[in-house]
Amino acid sequence: MASAAAAPFAPAPCDWHPEDISFPSGFAWGAATAAYQVEGGWNADGKGPNVWDTFTHQGGDRVFKNQTGDVACGSYTLWEEDLKCIKQLGLTHYRFSLSWSRLLPDGTTGFINQKGVDYYDKIIDDLLANGVVPMVTLYHFDLPQHLEDQGGWSSDAITVVFDNYAQFCFRTFGDRVKLWVTINEPYVVAKDGYEKGIVAPGIMDPGIGAYRTAHNMIKAHAKAWHSYDLLFRKMQQGLVSIALNSDWAEPLDSTCLADQEATKRYMAFCLDWFAEPIFTSGDYPAIMKSQISVMSTKQGYLSSRLPEFTEEEKKMIKGTADFFALNYYTTRKVKHQENTCSEPSASGDKEAEEISDHSWPIAAGSSWLAVVPWGLRRLLKYIKDTYNNPIIYITENGFSQSDPAPLDDTQRWKYFRLTLQEILKAIFLDDVHLKGYFVWSLLDNFEWTCGYSCRFGLFHVDFENPALPRVPYRSAIEYAKVISKNGLMKSTEEL
C-alpha cells in the first residue's frame with residue numbers, strides 16, 4: 001500500500017477540481033458487513049447462540065416489528081452471491097466480521113466448530129483468489145451468549161477470554177489475513193448495550209455499566225494486540241487496530257465559551273474515551289476523568305464512577321493500534337447543558353446536548369443521520385492533529401434509504417460523491433494519511449433495532465424472496481466507476 005506521498009501533486013485550494021485528482025496509488029476501496037447482520041444460519045452447523053439471537057428472540061418490540069437476523073441476507077449459504085457483488089464493484093478490500101459463536105460455540109476454545117472455520121476459510125481464500133484484501137473484525141456486537149451469562153463485558157474475566165479467541169483467530173486465519181480489527185465500536189456496545197439497554201444484551205446500568213464495560217473492552221483489545229505483536233507479527237506481518245465510531249462536533253454558538261467547552265467534552269466522551277488510552281496516553285482524557293469525578297461526588301459516591309487503570313495497565317494499553325480505524329456517519333452541533341440530575345448517567349456526565357442543524361439533509365430511513373460530508377474532513381484533521389498523524393482507514397461510512405428503497409438512488413449517490421470530495425481534500429489539502437474507504441454496507445441487511453426498515457446497502461436485497469436476490473443500486477454502479485478510475489468521474493459521466 002503506497003502512502004499519500006505517492007499521489008499526484010495537490011493543487012492550491014483556489015484551483016480545486018476534485019475530478020482532476022486521483023486518489024493515492026494503492027488506495028483501499030472497500031465495503032463492509034458484519035456477521036449477525038448478513039449471515040443468517042443462526043443455529044446452523046453447530047453455531048452457538050449469541051446475545052443478538054437472544055435479544056431478538058425475546059421480542060418485546062425492541063427491534064422494528066420484532067424482526068431478527070435468523071435469516072438476514074443468508075450469506076452463510078449465499079457467500080458466492082456476495083462474492084459476485086464484490087467482484088462487480090471491483091473492490092480492492094472487503095471488511096467482514098467473524099461470528100465468535102460460529103467458531104467457538106460457547107465463546108471458549110474448549111470446543112472449536114470446524115464448519116465455522118471452513119466457512120471463513122472459504123471467504124478468505126475466495127477473496128484472495130480474486131485479488132481482494134480481507135479486513136477481518138473479531139467482534140462486531142455478537143458476544144456468545146454463554147459468555148454474557150458469565151457477566152459478558154461487565155466481567156474482568158472477559159479480557160482473558162477475548163485474548164484467547166483473538167489468538168485462535170490469528171493462528172487459524174492470520175497466514176492470509178493482514179488487516180485485523182479487534183472490536184467494532186466499543187462506544188456503542190458500552191453505551192447502548194450496558195448503559196441504556198436498547199441493544200443486546202439489553203442491560204440498563206446507567207452511570208456505571210458503560211464505563212465498566214468500556215474499561216474491559218480497552219484492556220481486552222490491548223491484550224489481543226500484544227498477543228499478535230509477540231506471537232504472530234514476525235511471521236504474519238499483519239496490522240491490528242480497533243474500529244472507533246465518532247461524530248464530528250461543532251459548538252452551537254461558536255462565540256459561546258460554554259458551548260465550546262461542551263463540544264470538547266462531547267469529543268472526549270465519544271472518540272477520545274477510547275482513542276486517547278490506545279493511541280497516546282494509556283489513560284482516559286483528563287477532561288473526562290475530572291467531569292465524572294465531580295458528578296460522582298455531587299451524587300454521593302465516595303469515588304469516581306469511572307474505573308482507573310493501574311500504571312501497569314496504562315503501559316500495556318498505550319500504543320496498541322497499528323492504524324486508526326474510523327467509522328463516521330454524521331455531525332452534531334453541541335451546546336452546554338448543565339446536569340442537575342441526582343441519578344447517574346453517562347449522558348448526563350458530559351453536560352453536552354447534541355443538536356442536528358435543520359439545514360442539514362437527513363438520510364431517508366435514519367432520523368439520526370444528518371448528512372454532513374464536511375464533518376468527516378474536519379474529523380480526519382482532528383485525528384491527524386490529536387493522534388500523531390496516524391495511518392487512517394475509514395472502516396464505515398454510508399447513507400440509508402427507507403424501505404422500500406428505489407434502485408435509482410441518485411440522491412444517495414450525491415451524498416457519497418460529496419463525501420469522496422471531502423476525503424480528497426483531507427488527503428491533499430490537510431495532508432491526512434488516509435489509506436482507504438469502506439462503504440457501509442455491501443448489502444442491505446439487518447440494521448440492529450431498525451431491523452430491515454432502513455437500507456444501507458450498495459446492493460438491494462429482496463427479503464421477501466426466499467432466494468434473497470442481490471441487485472445493484474445506482475450507487476453501486478457509480479462506486480464501481482470511481483474504483484475503476486481511482487478517482488471521481490466528471491459529473492457529465494455520471495447518472
# chains A, B, ... in the order shown; residues from 1 in each chain; ligands from 1
call {"tool": "residues_around", "arguments": {"residues": "range 134-142 of chain A", "least_positions_apart": "5", "cutoff": "9 Å", "atoms": "only C-alpha atoms", "output": "PDB file with N, CA and C atoms, in the first residue's frame"}}
result
ATOM      1  N   ALA A  32     -18.219  -2.970   3.641  1.00  0.00           N
ATOM      2  CA  ALA A  32     -18.173  -3.690   4.914  1.00  0.00           C
ATOM      3  C   ALA A  32     -19.497  -4.369   5.215  1.00  0.00           C
ATOM      4  N   ALA A  34     -21.207  -7.160   8.648  1.00  0.00           N
ATOM      5  CA  ALA A  34     -20.962  -7.786   9.951  1.00  0.00           C
ATOM      6  C   ALA A  34     -21.741  -9.098  10.014  1.00  0.00           C
ATOM      7  N   ALA A  35     -21.181 -10.058  10.703  1.00  0.00           N
ATOM      8  CA  ALA A  35     -21.704 -11.433  10.684  1.00  0.00           C
ATOM      9  C   ALA A  35     -23.193 -11.507  11.010  1.00  0.00           C
ATOM     10  N   TYR A  36     -23.601 -10.969  12.169  1.00  0.00           N
ATOM     11  CA  TYR A  36     -25.004 -11.123  12.553  1.00  0.00           C
ATOM     12  C   TYR A  36     -25.934 -10.431  11.566  1.00  0.00           C
ATOM     13  N   ASN A  50     -25.737 -16.246  20.277  1.00  0.00           N
ATOM     14  CA  ASN A  50     -25.076 -15.025  20.739  1.00  0.00           C
ATOM     15  C   ASN A  50     -26.122 -14.070  21.322  1.00  0.00           C
ATOM     16  N   VAL A  51     -25.656 -12.948  21.843  1.00  0.00           N
ATOM     17  CA  VAL A  51     -26.561 -12.042  22.560  1.00  0.00           C
ATOM     18  C   VAL A  51     -27.621 -11.443  21.647  1.00  0.00           C
ATOM     19  N   TRP A  52     -27.318 -11.314  20.345  1.00  0.00           N
ATOM     20  CA  TRP A  52     -28.338 -10.789  19.438  1.00  0.00           C
ATOM     21  C   TRP A  52     -29.380 -11.839  19.085  1.00  0.00           C
ATOM     22  N   ASP A  53     -28.986 -13.109  19.043  1.00  0.00           N
ATOM     23  CA  ASP A  53     -30.001 -14.170  18.924  1.00  0.00           C
ATOM     24  C   ASP A  53     -30.982 -14.064  20.087  1.00  0.00           C
ATOM     25  N   THR A  92     -11.121  -3.469  -3.883  1.00  0.00           N
ATOM     26  CA  THR A  92      -9.770  -3.948  -3.583  1.00  0.00           C
ATOM     27  C   THR A  92      -9.723  -4.588  -2.199  1.00  0.00           C
ATOM     28  N   HIS A  93     -10.672  -4.198  -1.320  1.00  0.00           N
ATOM     29  CA  HIS A  93     -10.717  -4.686   0.060  1.00  0.00           C
ATOM     30  C   HIS A  93     -12.157  -5.009   0.448  1.00  0.00           C
ATOM     31  N   TYR A  94     -12.315  -5.976   1.339  1.00  0.00           N
ATOM     32  CA  TYR A  94     -13.636  -6.306   1.870  1.00  0.00           C
ATOM     33  C   TYR A  94     -13.512  -6.519   3.372  1.00  0.00           C
ATOM     34  N   ARG A  95     -14.314  -5.767   4.118  1.00  0.00           N
ATOM     35  CA  ARG A  95     -14.312  -5.895   5.575  1.00  0.00           C
ATOM     36  C   ARG A  95     -15.522  -6.716   6.011  1.00  0.00           C
ATOM     37  N   PHE A  96     -15.274  -7.766   6.772  1.00  0.00           N
ATOM     38  CA  PHE A  96     -16.352  -8.587   7.318  1.00  0.00           C
ATOM     39  C   PHE A  96     -15.967  -9.000   8.729  1.00  0.00           C
ATOM     40  N   SER A  97     -16.944  -9.501   9.472  1.00  0.00           N
ATOM     41  CA  SER A  97     -16.626  -9.926  10.838  1.00  0.00           C
ATOM     42  C   SER A  97     -16.837 -11.424  10.991  1.00  0.00           C
ATOM     43  N   LEU A  98     -16.119 -11.979  11.940  1.00  0.00           N
ATOM     44  CA  LEU A  98     -16.271 -13.388  12.306  1.00  0.00           C
ATOM     45  C   LEU A  98     -17.345 -13.500  13.381  1.00  0.00           C
ATOM     46  N   SER A  99     -18.218 -14.479  13.231  1.00  0.00           N
ATOM     47  CA  SER A  99     -19.174 -14.782  14.299  1.00  0.00           C
ATOM     48  C   SER A  99     -18.445 -15.615  15.345  1.00  0.00           C
ATOM     49  N   TRP A 100     -18.192 -14.980  16.479  1.00  0.00           N
ATOM     50  CA  TRP A 100     -17.445 -15.638  17.563  1.00  0.00           C
ATOM     51  C   TRP A 100     -18.091 -16.983  17.917  1.00  0.00           C
ATOM     52  N   SER A 101     -19.417 -17.009  18.028  1.00  0.00           N
ATOM     53  CA  SER A 101     -20.076 -18.254  18.462  1.00  0.00           C
ATOM     54  C   SER A 101     -20.274 -19.240  17.311  1.00  0.00           C
ATOM     55  N   ILE A 123     -14.294 -17.902   2.598  1.00  0.00           N
ATOM     56  CA  ILE A 123     -14.427 -16.475   2.310  1.00  0.00           C
ATOM     57  C   ILE A 123     -13.053 -15.856   2.061  1.00  0.00           C
ATOM     58  N   ILE A 124     -12.134 -16.121   2.984  1.00  0.00           N
ATOM     59  CA  ILE A 124     -10.792 -15.530   2.884  1.00  0.00           C
ATOM     60  C   ILE A 124     -10.083 -16.009   1.615  1.00  0.00           C
ATOM     61  N   LEU A 127     -11.683 -14.469  -1.541  1.00  0.00           N
ATOM     62  CA  LEU A 127     -11.306 -13.061  -1.688  1.00  0.00           C
ATOM     63  C   LEU A 127      -9.904 -12.946  -2.271  1.00  0.00           C
ATOM     64  N   LEU A 128      -8.965 -13.666  -1.674  1.00  0.00           N
ATOM     65  CA  LEU A 128      -7.575 -13.573  -2.128  1.00  0.00           C
ATOM     66  C   LEU A 128      -7.428 -14.070  -3.562  1.00  0.00           C
ATOM     67  N   TYR A 165      -9.605 -16.001  22.260  1.00  0.00           N
ATOM     68  CA  TYR A 165     -10.340 -16.030  20.988  1.00  0.00           C
ATOM     69  C   TYR A 165      -9.519 -15.351  19.889  1.00  0.00           C
ATOM     70  N   ALA A 166      -8.954 -14.203  20.211  1.00  0.00           N
ATOM     71  CA  ALA A 166      -8.143 -13.477  19.224  1.00  0.00           C
ATOM     72  C   ALA A 166      -6.955 -14.323  18.774  1.00  0.00           C
ATOM     73  N   CYS A 169      -7.997 -16.925  16.364  1.00  0.00           N
ATOM     74  CA  CYS A 169      -8.241 -16.391  15.018  1.00  0.00           C
ATOM     75  C   CYS A 169      -6.940 -16.040  14.308  1.00  0.00           C
ATOM     76  N   ARG A 176      -3.226 -15.563   6.157  1.00  0.00           N
ATOM     77  CA  ARG A 176      -3.808 -14.920   4.972  1.00  0.00           C
ATOM     78  C   ARG A 176      -4.410 -13.543   5.265  1.00  0.00           C
ATOM     79  N   VAL A 177      -4.788 -13.295   6.506  1.00  0.00           N
ATOM     80  CA  VAL A 177      -5.402 -12.005   6.875  1.00  0.00           C
ATOM     81  C   VAL A 177      -4.321 -11.086   7.426  1.00  0.00           C
ATOM     82  N   LYS A 178      -4.192  -9.913   6.823  1.00  0.00           N
ATOM     83  CA  LYS A 178      -3.147  -8.966   7.232  1.00  0.00           C
ATOM     84  C   LYS A 178      -3.703  -7.678   7.824  1.00  0.00           C
ATOM     85  N   LEU A 179      -5.012  -7.516   7.827  1.00  0.00           N
ATOM     86  CA  LEU A 179      -5.651  -6.350   8.436  1.00  0.00           C
ATOM     87  C   LEU A 179      -6.717  -6.835   9.409  1.00  0.00           C
ATOM     88  N   TRP A 180      -6.494  -6.561  10.685  1.00  0.00           N
ATOM     89  CA  TRP A 180      -7.392  -7.031  11.738  1.00  0.00           C
ATOM     90  C   TRP A 180      -8.003  -5.858  12.506  1.00  0.00           C
ATOM     91  N   VAL A 181      -9.264  -6.006  12.857  1.00  0.00           N
ATOM     92  CA  VAL A 181      -9.938  -5.098  13.785  1.00  0.00           C
ATOM     93  C   VAL A 181     -10.403  -5.949  14.967  1.00  0.00           C
ATOM     94  N   THR A 182     -10.008  -5.577  16.158  1.00  0.00           N
ATOM     95  CA  THR A 182     -10.373  -6.390  17.328  1.00  0.00           C
ATOM     96  C   THR A 182     -11.846  -6.245  17.680  1.00  0.00           C
ATOM     97  N   ILE A 183     -12.274  -5.001  17.942  1.00  0.00           N
ATOM     98  CA  ILE A 183     -13.626  -4.725  18.433  1.00  0.00           C
ATOM     99  C   ILE A 183     -14.222  -3.602  17.588  1.00  0.00           C
ATOM    100  N   ASN A 184     -15.449  -3.774  17.160  1.00  0.00           N
ATOM    101  CA  ASN A 184     -16.139  -2.719  16.421  1.00  0.00           C
ATOM    102  C   ASN A 184     -16.953  -1.848  17.365  1.00  0.00           C
ATOM    103  N   GLU A 185     -16.690  -0.546  17.319  1.00  0.00           N
ATOM    104  CA  GLU A 185     -17.475   0.456  18.029  1.00  0.00           C
ATOM    105  C   GLU A 185     -17.736   0.122  19.508  1.00  0.00           C
ATOM    106  N   PRO A 186     -16.665   0.064  20.295  1.00  0.00           N
ATOM    107  CA  PRO A 186     -16.866  -0.206  21.726  1.00  0.00           C
ATOM    108  C   PRO A 186     -17.788   0.821  22.389  1.00  0.00           C
ATOM    109  N   VAL A 188     -20.563   2.056  21.224  1.00  0.00           N
ATOM    110  CA  VAL A 188     -21.954   1.628  21.054  1.00  0.00           C
ATOM    111  C   VAL A 188     -22.266   0.445  21.972  1.00  0.00           C
ATOM    112  N   VAL A 189     -21.341  -0.497  22.050  1.00  0.00           N
ATOM    113  CA  VAL A 189     -21.544  -1.649  22.942  1.00  0.00           C
ATOM    114  C   VAL A 189     -21.740  -1.169  24.381  1.00  0.00           C
ATOM    115  N   ALA A 200     -28.601  -5.360  22.311  1.00  0.00           N
ATOM    116  CA  ALA A 200     -28.110  -6.528  23.046  1.00  0.00           C
ATOM    117  C   ALA A 200     -26.824  -6.182  23.801  1.00  0.00           C
ATOM    118  N   ILE A 242      -8.548  -1.166  16.227  1.00  0.00           N
ATOM    119  CA  ILE A 242      -9.875  -1.221  16.828  1.00  0.00           C
ATOM    120  C   ILE A 242     -10.715  -0.166  16.102  1.00  0.00           C
ATOM    121  N   ALA A 243     -11.954  -0.493  15.742  1.00  0.00           N
ATOM    122  CA  ALA A 243     -12.782   0.439  14.967  1.00  0.00           C
ATOM    123  C   ALA A 243     -13.572   1.349  15.906  1.00  0.00           C
TER     124      ALA A 243
END
call {"tool": "residues_around", "arguments": {"residues": "Gly375 in chain A", "least_positions_apart": "2", "cutoff": "9 Å", "atoms": "only C-alpha atoms", "output": "PDB file with C-alpha atoms, in the first residue's frame"}}
result
ATOM      1  CA  ASP A 247     -19.443  12.093  15.084  1.00  0.00           C
ATOM      2  CA  TRP A 248     -17.797  15.401  14.403  1.00  0.00           C
ATOM      3  CA  ALA A 249     -18.982  18.163  16.735  1.00  0.00           C
ATOM      4  CA  GLU A 250     -19.151  21.950  16.450  1.00  0.00           C
ATOM      5  CA  THR A 330     -22.786  12.297  10.979  1.00  0.00           C
ATOM      6  CA  THR A 331     -22.031  15.605  12.696  1.00  0.00           C
ATOM      7  CA  ARG A 332     -23.720  17.423  15.572  1.00  0.00           C
ATOM      8  CA  VAL A 371     -25.660  14.211   6.012  1.00  0.00           C
ATOM      9  CA  VAL A 372     -22.594  16.352   6.737  1.00  0.00           C
ATOM     10  CA  PRO A 373     -19.691  15.377   4.452  1.00  0.00           C
ATOM     11  CA  ARG A 377     -12.903  16.135   6.696  1.00  0.00           C
ATOM     12  CA  ARG A 378     -12.751  18.065   9.965  1.00  0.00           C
ATOM     13  CA  LEU A 379     -12.813  14.856  11.991  1.00  0.00           C
ATOM     14  CA  LEU A 380      -9.954  13.411   9.943  1.00  0.00           C
ATOM     15  CA  GLU A 422     -14.105  15.862   1.259  1.00  0.00           C
TER      16      GLU A 422
END
call {"tool": "closest_residue", "arguments": {"among": "A:Glu81, A:Phe168, A:Tyr479, A:Val199", "to": "Val117 in chain A", "atoms": "only C-alpha atoms"}}
result
A:Phe168
call {"tool": "select_by_dssp", "arguments": {"residues": "range 77-151 of chain A", "states": "strand (DSSP E or B)", "output": "list in words"}}
result
His93, Tyr94, Arg95, Phe96, Ser97, Val133, Pro134, Met135, Val136, Thr137, Leu138, Tyr139 and Pro144 of chain A
call {"tool": "write_last_selection", "arguments": {"atoms": "N, CA and C atoms", "output": "CSV table (one decimal), in the first residue's frame"}}
result
chain,number,residue,atom,x,y,z
A,93,HIS,N,-10.7,-4.2,-1.3
A,93,HIS,CA,-10.7,-4.7,0.1
A,93,HIS,C,-12.2,-5.0,0.4
A,94,TYR,N,-12.3,-6.0,1.3
A,94,TYR,CA,-13.6,-6.3,1.9
A,94,TYR,C,-13.5,-6.5,3.4
A,95,ARG,N,-14.3,-5.8,4.1
A,95,ARG,CA,-14.3,-5.9,5.6
A,95,ARG,C,-15.5,-6.7,6.0
A,96,PHE,N,-15.3,-7.8,6.8
A,96,PHE,CA,-16.4,-8.6,7.3
A,96,PHE,C,-16.0,-9.0,8.7
A,97,SER,N,-16.9,-9.5,9.5
A,97,SER,CA,-16.6,-9.9,10.8
A,97,SER,C,-16.8,-11.4,11.0
A,133,VAL,N,-8.4,-7.9,-0.7
A,133,VAL,CA,-7.7,-8.0,0.6
A,133,VAL,C,-8.8,-8.0,1.7
A,134,PRO,N,-8.8,-9.1,2.5
A,134,PRO,CA,-9.7,-9.1,3.6
A,134,PRO,C,-9.3,-8.2,4.8
A,135,MET,N,-10.2,-7.5,5.3
A,135,MET,CA,-10.1,-6.9,6.6
A,135,MET,C,-11.1,-7.5,7.6
A,136,VAL,N,-10.6,-8.1,8.6
A,136,VAL,CA,-11.4,-9.0,9.5
A,136,VAL,C,-11.6,-8.4,10.9
A,137,THR,N,-12.9,-8.3,11.2
A,137,THR,CA,-13.2,-7.9,12.6
A,137,THR,C,-13.5,-9.1,13.5
A,138,LEU,N,-12.9,-9.1,14.6
A,138,LEU,CA,-13.1,-10.2,15.5
A,138,LEU,C,-14.4,-10.2,16.3
A,139,TYR,N,-14.9,-9.0,16.6
A,139,TYR,CA,-16.1,-8.9,17.4
A,139,TYR,C,-16.9,-7.7,17.0
A,144,PRO,N,-20.9,-14.3,22.3
A,144,PRO,CA,-21.5,-15.5,22.6
A,144,PRO,C,-22.4,-15.4,23.9
call {"tool": "closest_atom_pairs", "arguments": {"of": "range 60-103 of chain A", "to": "range 448-472 of chain A", "cutoff": "12 Å", "atoms": "only C-alpha atoms", "output": "JSON lines"}}
result
{"residue": "A:Gly60", "atom": "CA", "partner": "A:Thr449", "partner_atom": "CA", "distance": 11.6}
{"residue": "A:Asp61", "atom": "CA", "partner": "A:Thr449", "partner_atom": "CA", "distance": 9.1}
{"residue": "A:Arg62", "atom": "CA", "partner": "A:Thr449", "partner_atom": "CA", "distance": 6.5}
{"residue": "A:Val63", "atom": "CA", "partner": "A:Thr449", "partner_atom": "CA", "distance": 4.2}
{"residue": "A:Phe64", "atom": "CA", "partner": "A:Cys450", "partner_atom": "CA", "distance": 5.2}
{"residue": "A:Lys65", "atom": "CA", "partner": "A:Gly451", "partner_atom": "CA", "distance": 7.6}
{"residue": "A:Asn66", "atom": "CA", "partner": "A:Gly451", "partner_atom": "CA", "distance": 7.8}
{"residue": "A:Gln67", "atom": "CA", "partner": "A:Gly451", "partner_atom": "CA", "distance": 5.6}
{"residue": "A:Thr68", "atom": "CA", "partner": "A:Gly451", "partner_atom": "CA", "distance": 6.9}
{"residue": "A:Gly69", "atom": "CA", "partner": "A:Gly451", "partner_atom": "CA", "distance": 8.2}
{"residue": "A:Asp70", "atom": "CA", "partner": "A:Gly451", "partner_atom": "CA", "distance": 11.4}
{"residue": "A:Val71", "atom": "CA", "partner": "A:Phe463", "partner_atom": "CA", "distance": 9.1}
{"residue": "A:Ala72", "atom": "CA", "partner": "A:Phe463", "partner_atom": "CA", "distance": 7.6}
{"residue": "A:Cys73", "atom": "CA", "partner": "A:Leu468", "partner_atom": "CA", "distance": 6.4}
{"residue": "A:Gly74", "atom": "CA", "partner": "A:Leu468", "partner_atom": "CA", "distance": 7.2}
{"residue": "A:Ser75", "atom": "CA", "partner": "A:Leu468", "partner_atom": "CA", "distance": 9.4}
{"residue": "A:Thr77", "atom": "CA", "partner": "A:Ala467", "partner_atom": "CA", "distance": 10.6}
{"residue": "A:Leu78", "atom": "CA", "partner": "A:Leu468", "partner_atom": "CA", "distance": 8.8}
{"residue": "A:Trp79", "atom": "CA", "partner": "A:Arg470", "partner_atom": "CA", "distance": 11.6}
{"residue": "A:Glu80", "atom": "CA", "partner": "A:Arg470", "partner_atom": "CA", "distance": 11.3}
{"residue": "A:Glu81", "atom": "CA", "partner": "A:Arg470", "partner_atom": "CA", "distance": 7.5}
{"residue": "A:Asp82", "atom": "CA", "partner": "A:Arg470", "partner_atom": "CA", "distance": 8.1}
{"residue": "A:Leu83", "atom": "CA", "partner": "A:Arg470", "partner_atom": "CA", "distance": 11.0}
{"residue": "A:Lys84", "atom": "CA", "partner": "A:Arg470", "partner_atom": "CA", "distance": 9.4}
{"residue": "A:Cys85", "atom": "CA", "partner": "A:Phe459", "partner_atom": "CA", "distance": 7.6}
{"residue": "A:Ile86", "atom": "CA", "partner": "A:Phe459", "partner_atom": "CA", "distance": 10.0}
{"residue": "A:Gln88", "atom": "CA", "partner": "A:Pro472", "partner_atom": "CA", "distance": 9.1}
{"residue": "A:Leu89", "atom": "CA", "partner": "A:Leu458", "partner_atom": "CA", "distance": 9.2}
call {"tool": "closest_residue", "arguments": {"among": "A:Lys289, A:Thr263, A:Ser246, A:Ser345", "to": "Pro206 in chain A", "atoms": "only C-alpha atoms"}}
result
A:Ser345
call {"tool": "residues_around", "arguments": {"residues": "Phe279 in chain A", "least_positions_apart": "6", "cutoff": "12 Å", "atoms": "only C-alpha atoms", "output": "list in words"}}
result
Ile218, Ala222, Ser241, Ile242, Leu244, Leu271, Asp272, Trp273, Pro285, Lys314, Lys315, Met316, Ile317, Lys318, Gly319, Thr320, Ala321, Asp322, Phe323, Phe324, Ala325, Ile383, Lys384, Thr386, Tyr387, Asn388, Asn389, Pro390 and Ile391 of chain A
call {"tool": "closest_residue", "arguments": {"among": "A:Lys381, A:Gly26, A:Asn397, A:Trp413", "to": "Phe428 in chain A", "atoms": "only C-alpha atoms"}}
result
A:Lys381
call {"tool": "closest_residue", "arguments": {"among": "A:Lys298, A:Lys425, A:Lys350, A:Lys435", "to": "Ile392 in chain A", "atoms": "only C-alpha atoms"}}
result
A:Lys435
call {"tool": "select_by_dssp", "arguments": {"residues": "range 186-229 of chain A", "states": "alpha helix (DSSP H)", "output": "ChimeraX atom specification"}}
result
/A:186-188,194,209-227
call {"tool": "write_last_selection", "arguments": {"atoms": "C-alpha atoms", "output": "PDB file, in the first residue's frame"}}
result
ATOM      1  CA  PRO A 186     -16.866  -0.206  21.726  1.00  0.00           C
ATOM      2  CA  TYR A 187     -18.700   3.093  22.401  1.00  0.00           C
ATOM      3  CA  VAL A 188     -21.954   1.628  21.054  1.00  0.00           C
ATOM      4  CA  TYR A 194     -24.808  -1.916  29.036  1.00  0.00           C
ATOM      5  CA  GLY A 209     -22.308  -0.019  33.016  1.00  0.00           C
ATOM      6  CA  ALA A 210     -20.865   1.924  30.095  1.00  0.00           C
ATOM      7  CA  TYR A 211     -17.676   2.848  31.943  1.00  0.00           C
ATOM      8  CA  ARG A 212     -17.121  -0.640  33.335  1.00  0.00           C
ATOM      9  CA  THR A 213     -17.612  -2.398  30.004  1.00  0.00           C
ATOM     10  CA  ALA A 214     -15.548   0.142  28.052  1.00  0.00           C
ATOM     11  CA  HIS A 215     -12.759  -0.377  30.592  1.00  0.00           C
ATOM     12  CA  ASN A 216     -12.777  -4.115  29.902  1.00  0.00           C
ATOM     13  CA  MET A 217     -13.011  -3.706  26.126  1.00  0.00           C
ATOM     14  CA  ILE A 218      -9.969  -1.424  26.096  1.00  0.00           C
ATOM     15  CA  LYS A 219      -7.982  -3.934  28.161  1.00  0.00           C
ATOM     16  CA  ALA A 220      -9.189  -6.852  26.029  1.00  0.00           C
ATOM     17  CA  HIS A 221      -8.164  -5.057  22.845  1.00  0.00           C
ATOM     18  CA  ALA A 222      -4.741  -4.240  24.276  1.00  0.00           C
ATOM     19  CA  LYS A 223      -4.143  -7.843  25.348  1.00  0.00           C
ATOM     20  CA  ALA A 224      -5.050  -9.094  21.880  1.00  0.00           C
ATOM     21  CA  TRP A 225      -2.772  -6.528  20.225  1.00  0.00           C
ATOM     22  CA  HIS A 226       0.142  -7.601  22.432  1.00  0.00           C
ATOM     23  CA  SER A 227      -0.549 -11.260  21.675  1.00  0.00           C
TER      24      SER A 227
END
call {"tool": "closest_residue", "arguments": {"among": "A:Thr395, A:Thr419, A:Asn43, A:Asn245", "to": "Phe274 in chain A", "atoms": "only C-alpha atoms"}}
result
A:Asn245
call {"tool": "atom_distance", "arguments": {"atom1": "CA of Trp440 in chain A", "atom2": "CA of Ala352 in chain A"}}
result
28.0 Å
call {"tool": "closest_residue", "arguments": {"among": "A:Asp357, A:Asn486, A:Pro404, A:Tyr76", "to": "Val38 in chain A", "atoms": "only C-alpha atoms"}}
result
A:Tyr76
call {"tool": "decode", "arguments": {"residues": "range 77-86 of chain A", "atoms": "N, CA, C and O atoms", "output": "PDB file, in the first residue's frame"}}
result
ATOM      1  N   THR A  77     -25.072 -19.285   3.522  1.00  0.00           N
ATOM      2  CA  THR A  77     -25.190 -20.231   2.408  1.00  0.00           C
ATOM      3  C   THR A  77     -25.042 -19.554   1.049  1.00  0.00           C
ATOM      4  O   THR A  77     -24.914 -20.224   0.034  1.00  0.00           O
ATOM      5  N   LEU A  78     -25.063 -18.212   1.024  1.00  0.00           N
ATOM      6  CA  LEU A  78     -25.031 -17.484  -0.245  1.00  0.00           C
ATOM      7  C   LEU A  78     -23.745 -16.668  -0.423  1.00  0.00           C
ATOM      8  O   LEU A  78     -23.753 -15.630  -1.099  1.00  0.00           O
ATOM      9  N   TRP A  79     -22.653 -17.123   0.174  1.00  0.00           N
ATOM     10  CA  TRP A  79     -21.405 -16.376   0.069  1.00  0.00           C
ATOM     11  C   TRP A  79     -21.017 -16.118  -1.386  1.00  0.00           C
ATOM     12  O   TRP A  79     -20.529 -15.033  -1.733  1.00  0.00           O
ATOM     13  N   GLU A  80     -21.258 -17.106  -2.263  1.00  0.00           N
ATOM     14  CA  GLU A  80     -20.871 -16.915  -3.668  1.00  0.00           C
ATOM     15  C   GLU A  80     -21.604 -15.728  -4.292  1.00  0.00           C
ATOM     16  O   GLU A  80     -21.056 -15.033  -5.146  1.00  0.00           O
ATOM     17  N   GLU A  81     -22.841 -15.478  -3.847  1.00  0.00           N
ATOM     18  CA  GLU A  81     -23.588 -14.321  -4.349  1.00  0.00           C
ATOM     19  C   GLU A  81     -22.959 -13.016  -3.845  1.00  0.00           C
ATOM     20  O   GLU A  81     -22.895 -12.020  -4.582  1.00  0.00           O
ATOM     21  N   ASP A  82     -22.517 -13.021  -2.596  1.00  0.00           N
ATOM     22  CA  ASP A  82     -21.823 -11.842  -2.064  1.00  0.00           C
ATOM     23  C   ASP A  82     -20.533 -11.585  -2.838  1.00  0.00           C
ATOM     24  O   ASP A  82     -20.188 -10.437  -3.146  1.00  0.00           O
ATOM     25  N   LEU A  83     -19.829 -12.654  -3.145  1.00  0.00           N
ATOM     26  CA  LEU A  83     -18.572 -12.519  -3.884  1.00  0.00           C
ATOM     27  C   LEU A  83     -18.813 -11.907  -5.265  1.00  0.00           C
ATOM     28  O   LEU A  83     -18.024 -11.075  -5.732  1.00  0.00           O
ATOM     29  N   LYS A  84     -19.928 -12.288  -5.906  1.00  0.00           N
ATOM     30  CA  LYS A  84     -20.269 -11.684  -7.201  1.00  0.00           C
ATOM     31  C   LYS A  84     -20.450 -10.173  -7.058  1.00  0.00           C
ATOM     32  O   LYS A  84     -20.017  -9.399  -7.919  1.00  0.00           O
ATOM     33  N   CYS A  85     -21.082  -9.759  -5.965  1.00  0.00           N
ATOM     34  CA  CYS A  85     -21.275  -8.316  -5.717  1.00  0.00           C
ATOM     35  C   CYS A  85     -19.935  -7.610  -5.547  1.00  0.00           C
ATOM     36  O   CYS A  85     -19.704  -6.525  -6.089  1.00  0.00           O
ATOM     37  N   ILE A  86     -19.055  -8.243  -4.782  1.00  0.00           N
ATOM     38  CA  ILE A  86     -17.727  -7.677  -4.527  1.00  0.00           C
ATOM     39  C   ILE A  86     -16.960  -7.527  -5.837  1.00  0.00           C
ATOM     40  O   ILE A  86     -16.327  -6.489  -6.098  1.00  0.00           O
TER      41      ILE A  86
END
